[in-house]
>>> print(open('structure34.csv').read())   # CSV, C-alpha atoms
chain,number,residue,atom,x,y,z
F,82,ARG,CA,-5.1,-14.2,11.0
F,83,ARG,CA,-6.8,-11.5,9.0
F,84,PRO,CA,-5.7,-7.8,9.3
F,85,PRO,CA,-8.3,-5.8,11.2
F,86,GLU,CA,-9.4,-3.8,8.2
F,87,MET,CA,-10.7,-6.9,6.4
F,88,THR,CA,-14.2,-8.1,7.1
F,89,ARG,CA,-15.9,-11.4,6.4
F,90,ASP,CA,-17.6,-10.1,3.2
F,91,ASP,CA,-14.5,-8.2,1.9
F,92,PRO,CA,-13.9,-9.1,-1.7
F,93,ARG,CA,-10.2,-9.5,-1.1
F,94,ARG,CA,-10.9,-12.4,1.3
F,95,SER,CA,-11.1,-15.1,-1.3
F,96,SER,CA,-7.8,-14.0,-2.8
F,97,ARG,CA,-6.2,-14.1,0.7
F,98,VAL,CA,-7.5,-17.5,1.4
F,99,PHE,CA,-6.5,-18.7,-2.1
F,100,ALA,CA,-3.0,-17.4,-1.7
F,101,ALA,CA,-2.7,-18.8,1.8
F,102,ALA,CA,-3.7,-22.2,0.5
F,103,ALA,CA,-1.0,-21.9,-2.2
F,104,ALA,CA,1.5,-21.0,0.5
F,105,LEU,CA,0.5,-24.2,2.4
F,106,GLY,CA,1.0,-26.3,-0.8
F,107,ARG,CA,-2.5,-27.5,-1.4
F,108,SER,CA,-2.4,-29.3,-4.7
F,109,HIS,CA,-5.7,-28.0,-6.1
F,110,THR,CA,-4.5,-24.4,-5.5
F,111,ARG,CA,-1.2,-25.1,-7.2
F,112,ARG,CA,-3.1,-26.5,-10.2
F,113,ARG,CA,-5.2,-23.4,-10.5
F,114,PHE,CA,-2.2,-21.1,-10.3
F,115,ALA,CA,-0.4,-23.3,-12.9
F,116,SER,CA,-3.5,-23.3,-15.2
F,117,GLY,CA,-2.6,-20.0,-16.7
F,118,LEU,CA,-4.2,-17.5,-14.3
F,119,SER,CA,-2.3,-14.3,-14.4
F,120,GLN,CA,-0.6,-13.6,-11.1
F,121,VAL,CA,1.7,-11.0,-9.5
F,122,GLN,CA,4.4,-11.6,-6.8
F,123,TYR,CA,4.9,-9.0,-4.1
F,124,SER,CA,8.3,-8.1,-2.7
F,125,CYS,CA,7.5,-10.2,0.4
F,126,GLY,CA,7.3,-13.3,-1.9
F,127,HIS,CA,3.5,-13.8,-1.6
F,128,ARG,CA,1.5,-14.1,-4.9
F,129,CYS,CA,-1.9,-12.9,-5.8
F,130,HIS,CA,-4.1,-13.0,-8.9
F,131,ALA,CA,-3.3,-10.0,-11.1
F,132,LYS,CA,-7.1,-9.4,-11.4
F,133,CYS,CA,-7.5,-9.2,-7.6
F,134,ALA,CA,-4.5,-6.8,-7.3
F,135,ARG,CA,-6.0,-4.6,-10.0
F,136,GLU,CA,-9.3,-4.6,-8.2
F,137,SER,CA,-7.6,-3.5,-5.0
F,138,LEU,CA,-5.9,-0.7,-6.8
F,139,SER,CA,-9.2,0.5,-8.4
F,140,ARG,CA,-10.9,0.4,-5.0
F,141,GLY,CA,-8.2,2.7,-3.6
F,142,CYS,CA,-7.8,4.0,-0.1
F,143,PRO,CA,-10.5,2.9,2.4
F,144,GLY,CA,-11.3,6.6,3.2
F,145,PRO,CA,-10.5,10.1,2.2
F,146,GLU,CA,-7.0,10.0,3.8
F,147,LEU,CA,-4.2,8.9,1.5
F,148,THR,CA,-2.7,5.8,3.3
F,149,PHE,CA,-1.4,3.6,0.5
F,150,SER,CA,-2.2,0.5,2.6
F,151,HIS,CA,-4.0,-1.0,-0.4
F,152,LEU,CA,-0.8,-1.1,-2.3
F,153,GLY,CA,0.7,-3.7,0.0
F,154,CYS,CA,0.6,-7.5,0.0
F,155,PRO,CA,-3.0,-8.7,0.6
F,156,LEU,CA,-1.7,-11.6,2.7
F,157,CYS,CA,0.8,-10.1,5.1
F,158,GLY,CA,0.2,-6.4,4.6
F,159,ALA,CA,3.9,-5.8,3.8
F,160,ALA,CA,4.2,-2.5,1.9
F,161,GLY,CA,7.1,-3.6,-0.3
F,162,GLU,CA,8.2,-1.2,-2.9
F,163,LEU,CA,6.2,2.0,-3.1
F,164,PRO,CA,5.1,3.0,-5.6
F,165,LEU,CA,4.0,-0.5,-6.7
F,166,GLN,CA,6.4,-1.6,-9.5
F,167,ASN,CA,4.8,-4.5,-11.3
F,168,PRO,CA,4.5,-4.7,-15.1
F,169,ALA,CA,1.2,-6.6,-14.9
F,170,LEU,CA,-0.3,-3.7,-12.8
F,171,ALA,CA,1.3,-0.8,-14.6
F,172,ALA,CA,-1.9,0.7,-16.0
F,173,ALA,CA,-3.9,0.2,-12.8
F,174,ALA,CA,-1.1,1.6,-10.6
F,175,GLU,CA,-0.4,4.7,-12.7
F,176,ARG,CA,-2.7,7.0,-10.7
F,177,TRP,CA,-1.3,5.6,-7.4
F,178,VAL,CA,2.3,6.1,-8.5
F,179,ALA,CA,1.5,9.7,-9.2
F,180,LEU,CA,-0.3,10.2,-5.9
F,181,TRP,CA,2.6,8.5,-4.1
F,182,GLU,CA,5.2,10.8,-5.6
F,183,ALA,CA,3.0,13.9,-4.9
F,184,THR,CA,2.5,12.8,-1.3
F,185,ARG,CA,6.3,12.2,-0.9
F,186,ARG,CA,7.0,15.8,-2.1
F,187,CYS,CA,4.3,17.2,0.3
F,188,GLY,CA,5.7,15.1,3.2
F,189,ARG,CA,9.2,16.3,2.6
F,190,ALA,CA,8.0,19.9,2.4
F,191,GLN,CA,6.0,19.5,5.7
F,192,LEU,CA,9.1,18.0,7.3
F,193,ARG,CA,11.3,21.0,6.2
F,194,ALA,CA,8.9,23.3,7.9
F,195,ALA,CA,8.7,21.2,11.1
F,196,PRO,CA,10.5,22.1,14.3
F,197,ALA,CA,14.1,20.9,14.8
F,198,GLU,CA,13.2,18.2,17.2
F,199,GLU,CA,10.9,16.6,14.6
F,200,ARG,CA,13.6,16.9,11.9
F,201,ALA,CA,16.1,15.2,14.2
F,202,LYS,CA,14.0,12.0,14.1
F,203,VAL,CA,15.1,11.5,10.4
F,204,GLU,CA,18.7,12.3,11.0
F,205,PRO,CA,21.3,9.6,11.4
F,206,GLY,CA,20.7,7.8,14.7
F,207,GLY,CA,17.1,9.1,14.9
F,208,GLU,CA,14.0,7.0,15.2
F,209,TYR,CA,13.4,7.3,11.4
F,210,ASP,CA,17.1,7.3,10.4
F,211,GLY,CA,17.2,8.4,6.7
F,212,ARG,CA,13.5,7.7,6.1
F,213,PRO,CA,11.8,11.1,6.0
F,214,VAL,CA,8.9,10.0,3.8
F,215,GLU,CA,8.1,7.1,6.2
F,216,TYR,CA,8.2,9.5,9.1
F,217,ALA,CA,6.0,12.0,7.3
F,218,LEU,CA,3.4,9.4,6.5
F,219,ALA,CA,3.4,8.1,10.1
F,220,THR,CA,3.2,11.6,11.6
F,221,TYR,CA,0.9,13.6,9.3
F,222,THR,CA,-2.3,13.0,7.4
F,223,PHE,CA,-2.5,13.6,3.6
F,224,PHE,CA,-5.5,14.2,1.4
F,225,GLU,CA,-6.2,14.8,-2.3
F,226,CYS,CA,-8.1,18.1,-2.9
F,227,ALA,CA,-11.5,17.5,-4.5
F,228,GLU,CA,-11.3,20.8,-6.4
F,229,CYS,CA,-7.8,20.8,-7.9
F,230,ALA,CA,-6.6,17.2,-7.1
F,231,ASP,CA,-3.4,18.6,-5.4
F,232,ILE,CA,-2.1,16.8,-2.3
F,233,PHE,CA,-2.2,18.7,0.9
F,234,CYS,CA,-1.2,17.9,4.5
F,235,GLY,CA,-4.2,17.8,6.9
F,236,GLY,CA,-2.0,18.2,10.0
F,237,ALA,CA,-0.6,15.9,12.6
F,238,ARG,CA,-2.2,12.5,13.4
>>> encode(input="structure34.csv", output="structure tokens")
Amino acid sequence: RRPPEMTRDDPRRSSRVFAAAAALGRSHTRRRFASGLSQVQYSCGHRCHAKCARESLSRGCPGPELTFSHLGCPLCGAAGELPLQNPALAAAAERWVALWEATRRCGRAQLRAAPAEERAKVEPGGEYDGRPVEYALATYTFFECAECADIFCGGAR
């Protein structure tokens, strides 16, 4: 099954199909991966062509909101480690690593200013126990200013 954001003409589709075939053990796919094509492995265990992963990074977010969904596995959508830590993608990921760090700082600041009942959700035993950045990304929208390139919170979702 394809994630809802992927369409039939999405350029990532061929990589997803290729990687899915590799996961199923199709011999022609194994030969192509073994033939020296550069590949990256995500923390979920799936593999993708390094070129396809770099293209996904260069395309960026699907809209103006910083979502970081394009940093996840193209097969299962698993976010894995954010920011993306893969030597083969270091140059392409550099901008997204910086944006991720800035968004984390902005999310933590937004959470510090939030009412006590919201902050309680990231306390031990809360819904987002010890995961304040995950809570902030799920609760607020973040954008990059077109004028100064700073990250700002656009408010609650």
>>> atom_distance(input="structure34.csv", atom1="CA of Pro143 (chain F)", atom2="CA of Glu228 (chain F)")
20.0 Å
>>> closest_residue(input="structure34.csv", among="F:Pro168, F:Pro213, F:Pro155, F:Pro145", to="Gln191 (chain F)", atoms="all atoms listed in the file")
F:Pro213
>>> closest_residue(input="structure34.csv", among="F:Tyr209, F:Tyr221, F:Arg238, F:Leu170", to="Glu136 (chain F)", atoms="only C-alpha atoms")
F:Leu170
>>> residues_near_point(input="structure34.csv", point="(-3.5, 7.9, 4.3)", cutoff="7 Å", atoms="only C-alpha atoms", output="PyMOL selection string")
chain F and resi 146-149+222-223
>>> residues_around(input="structure34.csv", residues="Ser119 (chain F)", least_positions_apart="5", cutoff="9 Å", atoms="all atoms listed in the file", output="ChimeraX atom specification")
/F:114,129-132,169
>>> atom_distance(input="structure34.csv", atom1="CA of Ala201 (chain F)", atom2="CA of Gly236 (chain F)")
18.8 Å
>>> residues_near_point(input="structure34.csv", point="(2.1, -9.3, 3.7)", cutoff="10 Å", atoms="only C-alpha atoms", output="list in words")
Pro84, Tyr123, Ser124, Cys125, Gly126, His127, Arg128, Gly153, Cys154, Pro155, Leu156, Cys157, Gly158, Ala159, Ala160 and Gly161 of chain F
>>> write_last_selection(input="structure34.csv", atoms="C-alpha atoms", output="PDB file, keeping the file's coordinate frame")
ATOM      1  CA  PRO F  84      -5.700  -7.800   9.300  1.00  0.00           C
ATOM      2  CA  TYR F 123       4.900  -9.000  -4.100  1.00  0.00           C
ATOM      3  CA  SER F 124       8.300  -8.100  -2.700  1.00  0.00           C
ATOM      4  CA  CYS F 125       7.500 -10.200   0.400  1.00  0.00           C
ATOM      5  CA  GLY F 126       7.300 -13.300  -1.900  1.00  0.00           C
ATOM      6  CA  HIS F 127       3.500 -13.800  -1.600  1.00  0.00           C
ATOM      7  CA  ARG F 128       1.500 -14.100  -4.900  1.00  0.00           C
ATOM      8  CA  GLY F 153       0.700  -3.700   0.000  1.00  0.00           C
ATOM      9  CA  CYS F 154       0.600  -7.500   0.000  1.00  0.00           C
ATOM     10  CA  PRO F 155      -3.000  -8.700   0.600  1.00  0.00           C
ATOM     11  CA  LEU F 156      -1.700 -11.600   2.700  1.00  0.00           C
ATOM     12  CA  CYS F 157       0.800 -10.100   5.100  1.00  0.00           C
ATOM     13  CA  GLY F 158       0.200  -6.400   4.600  1.00  0.00           C
ATOM     14  CA  ALA F 159       3.900  -5.800   3.800  1.00  0.00           C
ATOM     15  CA  ALA F 160       4.200  -2.500   1.900  1.00  0.00           C
ATOM     16  CA  GLY F 161       7.100  -3.600  -0.300  1.00  0.00           C
TER      17      GLY F 161
END
>>> build_atoms(input="structure34.csv", residues="region 183-194 of chain F", atoms="all heavy atoms", output="short mmCIF file (atom, residue, chain, number, x, y, z; two decimals), in the frame of the given file")
data_model
loop_
_atom_site.label_atom_id
_atom_site.label_comp_id
_atom_site.auth_asym_id
_atom_site.auth_seq_id
_atom_site.Cartn_x
_atom_site.Cartn_y
_atom_site.Cartn_z
N ALA F 183 3.50 12.63 -5.38
CA ALA F 183 3.00 13.90 -4.90
C ALA F 183 2.98 13.96 -3.37
O ALA F 183 3.33 14.97 -2.75
CB ALA F 183 1.66 14.22 -5.47
N THR F 184 2.58 12.85 -2.75
CA THR F 184 2.50 12.80 -1.30
C THR F 184 3.94 12.80 -0.70
O THR F 184 4.17 13.44 0.33
CB THR F 184 1.77 11.51 -0.84
OG1 THR F 184 0.47 11.53 -1.43
CG2 THR F 184 1.64 11.43 0.66
N ARG F 185 4.87 12.15 -1.36
CA ARG F 185 6.30 12.20 -0.90
C ARG F 185 6.78 13.65 -0.91
O ARG F 185 7.41 14.09 0.05
CB ARG F 185 7.17 11.36 -1.82
CG ARG F 185 7.01 9.88 -1.60
CD ARG F 185 7.95 9.11 -2.49
NE ARG F 185 9.31 9.55 -2.24
CZ ARG F 185 10.35 9.24 -2.98
NH1 ARG F 185 10.20 8.47 -4.04
NH2 ARG F 185 11.55 9.66 -2.70
N ARG F 186 6.51 14.37 -2.00
CA ARG F 186 7.00 15.80 -2.10
C ARG F 186 6.31 16.61 -0.98
O ARG F 186 6.97 17.40 -0.32
CB ARG F 186 6.62 16.36 -3.46
CG ARG F 186 7.52 15.85 -4.58
CD ARG F 186 7.31 16.64 -5.86
NE ARG F 186 5.96 16.54 -6.38
CZ ARG F 186 5.52 15.57 -7.17
NH1 ARG F 186 6.33 14.59 -7.54
NH2 ARG F 186 4.28 15.57 -7.60
N CYS F 187 5.02 16.42 -0.77
CA CYS F 187 4.30 17.20 0.30
C CYS F 187 4.84 16.82 1.65
O CYS F 187 5.01 17.70 2.49
CB CYS F 187 2.81 16.85 0.16
SG CYS F 187 1.77 17.83 1.26
N GLY F 188 5.12 15.55 1.88
CA GLY F 188 5.70 15.10 3.20
C GLY F 188 7.04 15.70 3.45
O GLY F 188 7.33 16.14 4.57
N ARG F 189 7.88 15.73 2.43
CA ARG F 189 9.20 16.30 2.60
C ARG F 189 9.10 17.83 2.88
O ARG F 189 9.82 18.35 3.73
CB ARG F 189 10.06 16.09 1.36
CG ARG F 189 10.54 14.65 1.23
CD ARG F 189 11.39 14.49 -0.03
NE ARG F 189 11.68 13.11 -0.30
CZ ARG F 189 12.73 12.46 0.18
NH1 ARG F 189 13.58 13.06 0.96
NH2 ARG F 189 12.91 11.19 -0.12
N ALA F 190 8.19 18.52 2.19
CA ALA F 190 8.00 19.90 2.40
C ALA F 190 7.47 20.18 3.86
O ALA F 190 7.92 21.11 4.54
CB ALA F 190 7.00 20.51 1.42
N GLN F 191 6.57 19.33 4.31
CA GLN F 191 6.00 19.50 5.70
C GLN F 191 7.15 19.24 6.69
O GLN F 191 7.23 19.96 7.68
CB GLN F 191 4.92 18.42 5.88
CG GLN F 191 4.19 18.54 7.17
CD GLN F 191 3.34 19.80 7.25
OE1 GLN F 191 2.92 20.34 6.23
NE2 GLN F 191 3.10 20.26 8.45
N LEU F 192 8.01 18.30 6.43
CA LEU F 192 9.10 18.00 7.30
C LEU F 192 10.12 19.16 7.38
O LEU F 192 10.66 19.49 8.43
CB LEU F 192 9.79 16.70 6.95
CG LEU F 192 10.76 16.12 7.94
CD1 LEU F 192 10.14 15.95 9.32
CD2 LEU F 192 11.28 14.79 7.45
N ARG F 193 10.38 19.79 6.22
CA ARG F 193 11.30 21.00 6.20
C ARG F 193 10.78 22.09 7.05
O ARG F 193 11.57 22.84 7.63
CB ARG F 193 11.52 21.42 4.76
CG ARG F 193 12.50 20.57 3.97
CD ARG F 193 12.91 21.25 2.67
NE ARG F 193 11.80 21.46 1.76
CZ ARG F 193 11.35 20.58 0.88
NH1 ARG F 193 11.93 19.40 0.76
NH2 ARG F 193 10.33 20.87 0.09
N ALA F 194 9.46 22.24 7.13
CA ALA F 194 8.90 23.30 7.90
C ALA F 194 8.66 22.93 9.38
O ALA F 194 8.25 23.77 10.18
CB ALA F 194 7.51 23.70 7.30
#
